[in-house]
Structure formats: C-alpha cells, structure tokens
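Novice: The structure's right below; bear with me while I get my questions together.
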There are 4 protein chains.
Amino acid sequence: MSRKRSDDKRRKILQAAVKVFARKGYFAARVSEIARKAGVADGTIYLYFRNKEDILVSLFDEVMQEHLRSAERELGAVEGAPARLRVVAEHHLRSMGGNRDLAVVFQVELRQSTKFMERFTASWLQQYFAILDKVIEEGQQEGSLRADLPRKVAAKALFGTLDEMVTSWILARRDYDLVQLAGPVVDLFLRGAASPATVQEARPPLAAVAPSHGGR
Amino acid sequence: MSRKRSDDKRRKILQAAVKVFARKGYFAARVSEIARKAGVADGTIYLYFRNKEDILVSLFDEVMQEHLRSAERELGAVEGAPARLRVVAEHHLRSMGGNRDLAVVFQVELRQSTKFMERFTASWLQQYFAILDKVIEEGQQEGSLRADLPRKVAAKALFGTLDEMVTSWILARRDYDLVQLAGPVVDLFLRGAASPATVQEARPPLAAVAPSHGGR
Amino acid sequence: MSRKRSDDKRRKILQAAVKVFARKGYFAARVSEIARKAGVADGTIYLYFRNKEDILVSLFDEVMQEHLRSAERELGAVEGAPARLRVVAEHHLRSMGGNRDLAVVFQVELRQSTKFMERFTASWLQQYFAILDKVIEEGQQEGSLRADLPRKVAAKALFGTLDEMVTSWILARRDYDLVQLAGPVVDLFLRGAASPATVQEARPPLAAVAPSHGGR
Amino acid sequence: MSRKRSDDKRRKILQAAVKVFARKGYFAARVSEIARKAGVADGTIYLYFRNKEDILVSLFDEVMQEHLRSAERELGAVEGAPARLRVVAEHHLRSMGGNRDLAVVFQVELRQSTKFMERFTASWLQQYFAILDKVIEEGQQEGSLRADLPRKVAAKALFGTLDEMVTSWILARRDYDLVQLAGPVVDLFLRGAASPATVQEARPPLAAVAPSHGGR
DNA sequence: GATGAATGAGCGTTCATTCAT
DNA sequence: GATGAATGAACGCTCATTCAT
C-alpha cells in the first residue's frame, strides 16, 4: 500500500524530470522545478533519489531495462537475420520516436559527459551490441549475411545509423514518422549503396583491417 | 606584430580549453583553470572571448571551418564516388583520431545541449551533408551507386556510422588506429552486409519510404 | 508562526544592513557582511530580498512609510500653521536624530545615484511636500502665513533647511540634540532673518518670479 | 608649451569625467569610458590623476576654488547684507544652473559616501559658511539683520534652501531657470513666511537653543 | 609623454542538499 | 513520510591599475 503510493510519487518525479531535462538540459534543470512539476516538495526528491544525477541515471536505467526487455521479446517472434535486423531497427526508432522529451534526454542530455557516456556504454550499449552481434553471427551462419563481415564494425554501423536518425529527428523542425525509416535503413545496411555492377569490380582493402579494434 | 602576439595568445587559450573541456566537461571546466593552463591571467581570456561559452563555440567554429576546407581539398584530388567516399571517411576519422582531447570535445561536450547541437547542425553538419549528398548524387549519375538510393538516408547512415566509430574510439580503453576503420566502413556502406545470394531474393519494401522525410 | 520567524529574520537583515551601509557605504558594503551581522547565511538574504539593491530600497520604503504615517498622526493633534510646522520640523529631526546609522543611510547612501534620488523623490518626497503644502495653504487661509508666499519655494526651503540640519549633524564630530534645532529653524522660517525695520523698506523683486517653476 | 598641452589633456579628461559621472554615477562610471570620451588612452588618465577617485576630487576642488573666488569677487561689488545675500544666492544658483552635468556631479555623485561628504565639508562648505557667517554678522552690525539671529542656523538654512533648489531642478523633468529663484528664496529668508500680524504675537522659544551646536 | 594589452583581486548570486518540524 | 526554510560553497566576470614598448 505505502509501497504503491511511493512508487506513484517516484514515477511522478521521473516523469517531471524527463520534461525538465529535455527542455532545459541537465545542468540548467533545477531540482526545485522538477519537484514543482511533480507536485512534491524539494526535499521529497531526496527520499527517492540520492541526488540530481541519480534522477538522470535512474531514468536511464529504468527506461533502458524496459527497452532491452521488449526488444528481446520482439526478436523472439521473428526468424532470419534480415527480418530480425528490421525488428531491431523498428524497435529502436519506435521507442525513441514515441516520446520526444525522452528521446531528447537520451540523445542529448545523457551524452554530456564522458562519465555518463561510459556508464551508458557499460550498462546498456554493451547489451545492445551483444544482441546485434548475435543476430549478425546467426545471419552469417545461416548464410544470409556475408561471412567476411566484420561483426563489430557492422554492429556499430547499424547502431550509429539508427542513432543518427533519431538525433536528426529530434533536431528537425518538421515532425515526421521515425519508424518508417526502419525499412530504408535496413535495406541500405543489407544491400549497400553501390550498384550491383560496381560491387563486382572494386573491392576496398578489407583485409587491411585489424581483426579486432577494441570498442566501447 | 601585436596581431601575431594576439593570435598566439588566442591559440594558447583554445588549446588549453580543449584539454580542460575534455577532462572536466564544459560545465565543470573552470575558466581559471583554462587561464592557468594557457599561461595567462583570468581576465585575459575575456580579451579574446566574450565568455566561457564563446570559447567552446569558437573552438568548434574554427576547427570545423578547417575540417571542411581540408575535406573539400582532398576530395578534389579523387574521382569516382567509391573512392571519394573513402576519402571522406578517412578524412573524418583522421581528423578526429589525431587529437583525442579535441575528439572528446566534439563528440561529447558539444552535444550537451540542444542549443549547441542545433548550432552544430546548422553551421557545420549542413555543409557536411551537402558534400556527402553531392558525392552520392555524382555516384548515381556515373552509375557506381544505386539509382534508387535514398540520398538523405544514405548520407545520415554514413555520417552516423563514422560518428559512432569516433565515439567508440574515445570511450575505448584500448587505443587503436581510427583511420584503418575507413576501409571496412566504406566497404560495408557500399556492398552492404547481406550475402550476394540474399540480396537477389528478399527486397525490403524500399518503396514504402516517403521520398523526403525531413532531416536536420 | 513561520510568518513570525520570517519577519524576525527579515528585520534582522534590515537592521544589519543599516549598520553595514552606514559604515561602508552601499557599494562597498558586502552582502556577506550583512549576512554575518544578521546571523544568517548568505543565501538566506535572497529568500527575503531580490538582490542587494532591494535591501536598500526596502529599507527606505519601510522606514519612509512609517515616518509619513507618524508625521500625519502627530499633525492631527495640533492646530494652526505655525504650530504644525513646528511639529513637522520636530518630527523630521527626531526621526533622523534617533538612529545615526539610519540617518547616514538616508542622508548619504540613498542619494548616491539619480536612480535612487528619483525613486526617493517620487515615492516619498512627493508626499512630504504635499503635507507641507497643505499646512502652508491652511496657514495662508487662516492668515497666519503671508498670502503672497510662493508655497513651493517655501516648502522646499523648509525641507532643505531641515535636511541640511540632519546632514550637518551626521558629519559633525560632536554629538548634539538635533531636535532642539526645530525651534530656531521654524522661528527663522516664520519670522525671517531681517530686522523688523529692514523688512519695511527693501522688498526684493518677488514679482519677477515665475508663478510656477517646476519642481521635483 | 608642453605645460600647455598637458593642461589641455587634463581639462579634456575632467570634462569627459563630468559627463560620464553625471550619466552613470561615480561607481558605474568606467575609467575607460572617460578615456574614450576624452580621446586619450586608458593609461594616460593615470599620468594626470592618481586614480579614479582623484578625478572626482580634482574636479570638485578645481570647480569649487573657482566658485569661491568668483563669489567673493561678486560680493566685493555690493554693500549691505540683504543685497549681498542676494548675490550669494544668485551666484550659487547661476553656478549650478549653468551646467546640468556638473550640477549632477555636485549634488549627487559627490555625496555618495561620508568620506566624500566630509572632504566636501572640510575643504569647501567650511569656507562657504564662513562667507555667509561674515555677511550675516555684518548685517547684524549694520542693523539690517536681527541681532538675535542664530548665525549658524541661519547660514545652514540658507545653504540648505539653495541646495534643495538645485537638487529639485536636477531631478525635475521640466527645465526652468534656476537663477530666478534667488529672489523668492532670499525674500523668504529675510522676511519669513509668517504674516506680519502673526510675528508680533507668537515667539517660538528661541532662547532654548544652545548657543553653539557644533556643525559641519 | 602616450599607449593599450595584460593583470588578478574581488564579489553578488545561485541552487543542490539538509534537517528540524 | 513529507515539507520547505535555511544553508554555504563555489565561480564567471569586471574593471581599476600597471608597465613594457
């Protein structure tokens, strides 16, 4: 009972924080404004969060946990690397495209310090890349993806592409449906930009690449 | 003469600022620390910059101007979209890979607020995308790139991929040569991830995409 | 209750401010010193006042309001212009003579800028002059004051005289009773400096004066 | 020659200072703005004045010296206390009414600290009062002024009255001729505000006043 | 004498956090 | 649990003054 009411208040605070962080930016965001928007006293914030940073980190952790969970759930329903990559892309774009404020916080505010970035990478991107890597590896085994594909590069490329789509969308003045980009993005990722004729001839020096180049 | 000394001091301040911003982050960076590192008095900073933010913005503007200039210079020496995309990728990765502190400032500090992001987009990314768009269009005309390629998506995909490579490199503990990723990245971008067999069969609903989807 | 504590603290701050302003002058006065003297933290000042200037202005407004109120109360108990002018003079000198620090703030600190002066004039002196003007006009109607007296000049003369008495007193090394000057001042104001014989003869060209000469 | 050029520059600086002090106030006035308005480099100011305060003090001293000199010169041409008081009043009002900026500096800026006030009193008001006192004493001896007049009170009253006229004029929105107030002011000072009938009857307790009450 | 680039001490104000109620 | 008044550390920026040229 008290547990339930508490959770309510905690959620209220997080929802308020998303709006304030998105509009003002993390540093310019005032704890007192979050409290006001959440309808609680300033001090109450500190009953649920250690400090201002903990609000941002908690926000991030909870949303990410849910995103990863639902991504894996959706992946479970599909077979084959091409289709699964399409699912990943759609899920990514749908998640971020559904709540602009939240997207702003994730695309902008969470990247304002290497400290946050490292945490973000360690606790979430790691898992995201693991999922992508697994899908790609399966694709290679099933023959749908090139066997000579450098998996890490490919995973980063896909993530980087999706990430850029979201950032573009956030900064765009015109509002458009982010999810519809999943098709073209995955199509480009799978088929490449070159015309079939070109691909036959020129082969960039793929071999020059070190097999492992580290990564975040 | 006085002009020369001024430029010297200005450069000293910018160099110091890169280091301090990279290590502490923009907000936690102290103007007095920049001054100390630059070997000037606190007040001297304000003879060359309006305020702390102006240091960051100037840094960004001046580096970007130089990057764009040199990118176009390098592009002038090469023919054919595949080779030119390779040049763009190498230039991007070489520029950022050459100075880790500067890269941190560009990948992290400059993105800590939508205000900076918008400025970044408006004054630089716009031009970057224009270059990419032109190269891609030429590629389509010369037949090296697919005629049905959605150019905006492709440009963002390539930029997003390169951007992610740089971010990964910054956050990686292990230091590796960023430029060597240019080959694999462009190869993936051109040829795609799918195996040749797969490409023949399945064709994701490319046509479903709106021809223009806005963009930053 | 909380209301009472607040008022207490506010008063403490104002009292501390009077002392610090009087000793150091407004500009040289340090907010932190006011806070220390008031026994509160620096930040607490800003819970009660918008900024440093607001402390001075509030001080002025609140004291002035009380002064005007008590002046009118005292005037209500007396009849006849001569006696009422005497009341005004005594009240003026008693108010300022009772708290040297407050007098310094009013005579010196509040006049350090035309901005303060204009505010002082608009919000208080205006009313002070209105009171004097009314007393003088009544005196003219009852016949105790000369009918040809230029009222504005007379009001300013009396105020200027009292003001100068206070300023003199503040700067004097020797401490003396300011109120005892009310008698001589009003006597001079009423009877003039000339000997009775002289007055009969020479009459300065009063008529040359424009009937209205503006005024602050 | 060099002497003459130097004096030129010094005067330029003082003239610029009057304008800047009058418009901005002493504290808000920037030395660099005075320099700019005077057409000299910032550093040049310090070849002629010890510091910012010295500019204000020098301004004051030089103007005052000239004022006192010319006042005594004018007084030398007139006989009898009433006429001489009229000369003093006209001189006072003419001096201040001739240059509004200078008047602002004298009425407002010079009074922003007890330090300035004390200096002002010691070096100039002292002499001004000495002149007034002498005129009044002569008036008493020649019989034109009341023998029972408390001289110090009378001198302060006249000064305070004139001072208030100037301050009023400065703050007034409407511009009017200050000098024309000399007549009414002196007339009031000599004849008093009371109607002749009243003066015969009531005599405020003049004797109660301490013979000397100190003074600035 | 003249310059003006450089100095660096100094402070009003904000706001995350605490804790008595 | 909830409140919100109080705290006080922390810092960007200004500008009078200096001094090498």
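Following the order of the structure tokens, first chain is A, next is B, and so on, with residues numbered from 1 inside each chain and ligands from 1 in the order they appear.
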Find the residues of chain B that sit at most 10 Å from chain E; for each, write down the nearest two atoms and how far apart they are in Å, to one decimal. Count only C-alpha atoms (C1' of nucleotides). Sort by chain, then by number going up, and give it as a tab-separated table.

Specialist:
```
residue	atom	partner	partner_atom	distance
B:Ser2	CA	E:DA5	C1'	9.2
B:Ser6	CA	E:DA5	C1'	9.2
B:Val40	CA	E:DA6	C1'	8.5
B:Ala41	CA	E:DT7	C1'	6.2
B:Asp42	CA	E:DG8	C1'	7.0
B:Gly43	CA	E:DT7	C1'	7.0
B:Thr44	CA	E:DA6	C1'	6.5
B:Leu47	CA	E:DA5	C1'	8.7
```

Novice: Write the selection just made, keeping N, CA and C atoms, as a PDB file, in the first residue's frame?

Specialist:
```
ATOM      1  N   SER B   2      51.655  42.992 -33.017  1.00  0.00           N
ATOM      2  CA  SER B   2      50.712  42.832 -31.911  1.00  0.00           C
ATOM      3  C   SER B   2      49.662  41.823 -32.324  1.00  0.00           C
ATOM      4  N   SER B   6      48.746  38.464 -30.366  1.00  0.00           N
ATOM      5  CA  SER B   6      47.354  38.198 -30.013  1.00  0.00           C
ATOM      6  C   SER B   6      46.936  36.807 -30.471  1.00  0.00           C
ATOM      7  N   VAL B  40      47.950  32.537 -18.958  1.00  0.00           N
ATOM      8  CA  VAL B  40      47.504  33.936 -18.961  1.00  0.00           C
ATOM      9  C   VAL B  40      46.656  34.195 -17.721  1.00  0.00           C
ATOM     10  N   ALA B  41      46.362  35.451 -17.486  1.00  0.00           N
ATOM     11  CA  ALA B  41      45.506  35.805 -16.353  1.00  0.00           C
ATOM     12  C   ALA B  41      44.055  35.526 -16.708  1.00  0.00           C
ATOM     13  N   ASP B  42      43.256  35.327 -15.707  1.00  0.00           N
ATOM     14  CA  ASP B  42      41.833  35.061 -15.939  1.00  0.00           C
ATOM     15  C   ASP B  42      41.216  36.111 -16.856  1.00  0.00           C
ATOM     16  N   GLY B  43      41.495  37.345 -16.538  1.00  0.00           N
ATOM     17  CA  GLY B  43      40.877  38.426 -17.290  1.00  0.00           C
ATOM     18  C   GLY B  43      41.273  38.447 -18.758  1.00  0.00           C
ATOM     19  N   THR B  44      42.444  37.936 -19.037  1.00  0.00           N
ATOM     20  CA  THR B  44      42.922  37.938 -20.421  1.00  0.00           C
ATOM     21  C   THR B  44      42.018  37.117 -21.333  1.00  0.00           C
ATOM     22  N   LEU B  47      39.581  39.098 -23.082  1.00  0.00           N
ATOM     23  CA  LEU B  47      40.004  39.994 -24.155  1.00  0.00           C
ATOM     24  C   LEU B  47      39.855  39.292 -25.492  1.00  0.00           C
TER      25      LEU B  47
END
```

Novice: Could you give me the residues within range 15-142 of chain D that DSSP places in alpha helix (DSSP H), as a PyMOL selection string?

Specialist: chain D and resi 15-24+31-38+42-48+52-75+81-97+100-107+114-120+126-142

Novice: Can you write out as a tab-separated table which residues of chain B fall within 8 Å of chain F, alongside each residue's closest atom pair and its distance in Å to one decimal, counting only C-alpha atoms (C1' of nucleotides) and ordering rows by chain and ascending residue number?

Specialist:
```
residue	atom	partner	partner_atom	distance
B:Arg30	CA	F:DC11	C1'	7.8
B:Val31	CA	F:DG12	C1'	7.5
B:Lys52	CA	F:DG12	C1'	8.0
```

Novice: Quick one: everything within 10 Å of range 89-93 of chain C, counting only C-alpha atoms (C1' of nucleotides), minus sequence neighbours fewer than 6 positions away in the same chain. Send it as a PyMOL selection string.

Specialist: chain C and resi 67-68+70-72+74-75+83+103+158-159+161-163+165-166+169+177-183+185-186

Novice: Taking only C-alpha atoms into account, produce a table as CSV in which each residue of chain D with an atom at most 7 Å from an atom of chain C appears once, together with its shortest atom pair and the distance in Å to one decimal, ordered by chain and rising number.

Specialist:
```
residue,atom,partner,partner_atom,distance
D:Gly25,CA,C:Ser113,CA,5.9
D:Val108,CA,C:Gln112,CA,5.7
D:Glu109,CA,C:Gln112,CA,5.7
D:Arg111,CA,C:Val108,CA,6.0
D:Gln112,CA,C:Gln112,CA,4.2
D:Ser113,CA,C:Gly25,CA,5.9
D:Thr114,CA,C:Val108,CA,6.7
D:Glu118,CA,C:Leu171,CA,6.6
D:Gly143,CA,C:Ser195,CA,6.9
D:Ser144,CA,C:Thr198,CA,5.5
D:Leu145,CA,C:Ala194,CA,4.2
D:Arg146,CA,C:Ser195,CA,4.3
D:Leu149,CA,C:Ala193,CA,6.6
D:Val153,CA,C:Val185,CA,6.9
D:Lys156,CA,C:Glu164,CA,6.5
D:Ala157,CA,C:Thr161,CA,4.5
D:Gly160,CA,C:Gly160,CA,4.6
D:Thr161,CA,C:Ala157,CA,4.4
D:Asp163,CA,C:Gly160,CA,6.9
D:Glu164,CA,C:Gly160,CA,5.0
D:Met165,CA,C:Lys156,CA,7.0
D:Ser168,CA,C:Arg216,CA,4.7
D:Trp169,CA,C:Gly215,CA,6.2
D:Leu171,CA,C:Arg216,CA,5.5
D:Ala172,CA,C:Arg216,CA,4.5
D:Arg174,CA,C:Gly214,CA,6.3
D:Tyr176,CA,C:His213,CA,6.3
D:Gln180,CA,C:Val209,CA,6.0
D:Leu181,CA,C:Val209,CA,6.8
D:Gly183,CA,C:Leu206,CA,6.0
D:Pro184,CA,C:Leu206,CA,5.6
D:Val185,CA,C:Val153,CA,6.9
D:Asp187,CA,C:Pro204,CA,6.0
D:Leu188,CA,C:Gly192,CA,6.7
D:Phe189,CA,C:Gly192,CA,5.2
D:Leu190,CA,C:Ala193,CA,4.5
D:Arg191,CA,C:Gly192,CA,4.4
D:Gly192,CA,C:Gly192,CA,3.5
D:Ala193,CA,C:Leu190,CA,4.5
D:Ala194,CA,C:Leu145,CA,4.2
D:Ser195,CA,C:Arg146,CA,4.3
D:Thr198,CA,C:Ser144,CA,5.6
D:Val199,CA,C:Arg191,CA,6.2
D:Pro204,CA,C:Asp187,CA,6.0
D:Pro205,CA,C:Gly183,CA,6.4
D:Leu206,CA,C:Pro184,CA,5.6
D:Val209,CA,C:Gln180,CA,6.3
D:His213,CA,C:Tyr176,CA,6.3
D:Gly214,CA,C:Arg174,CA,6.2
D:Gly215,CA,C:Ala172,CA,5.2
D:Arg216,CA,C:Ser168,CA,4.9
```

Novice: Could you state the separation of CA of Val63 in chain A and CA of Ser95 in chain A in Å, given to one decimal place?

Specialist: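 CA of Ser95 in chain A lies 9.8 Å from CA of Val63 in chain A.
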
Novice: Mind giving me the straight-line distance from CA of Gly39 in chain C to CA of Gly97 in chain C in Å, one decimal?

Specialist: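 Those two atoms sit 26.9 Å apart.
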
Novice: Could you tell me how far CA of Leu56 in chain B sits from CA of Phe129 in chain B, in Å to one decimal place?

Specialist: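 Value for the CA of Phe129 in chain B-CA of Leu56 in chain B distance: 22.6 Å.
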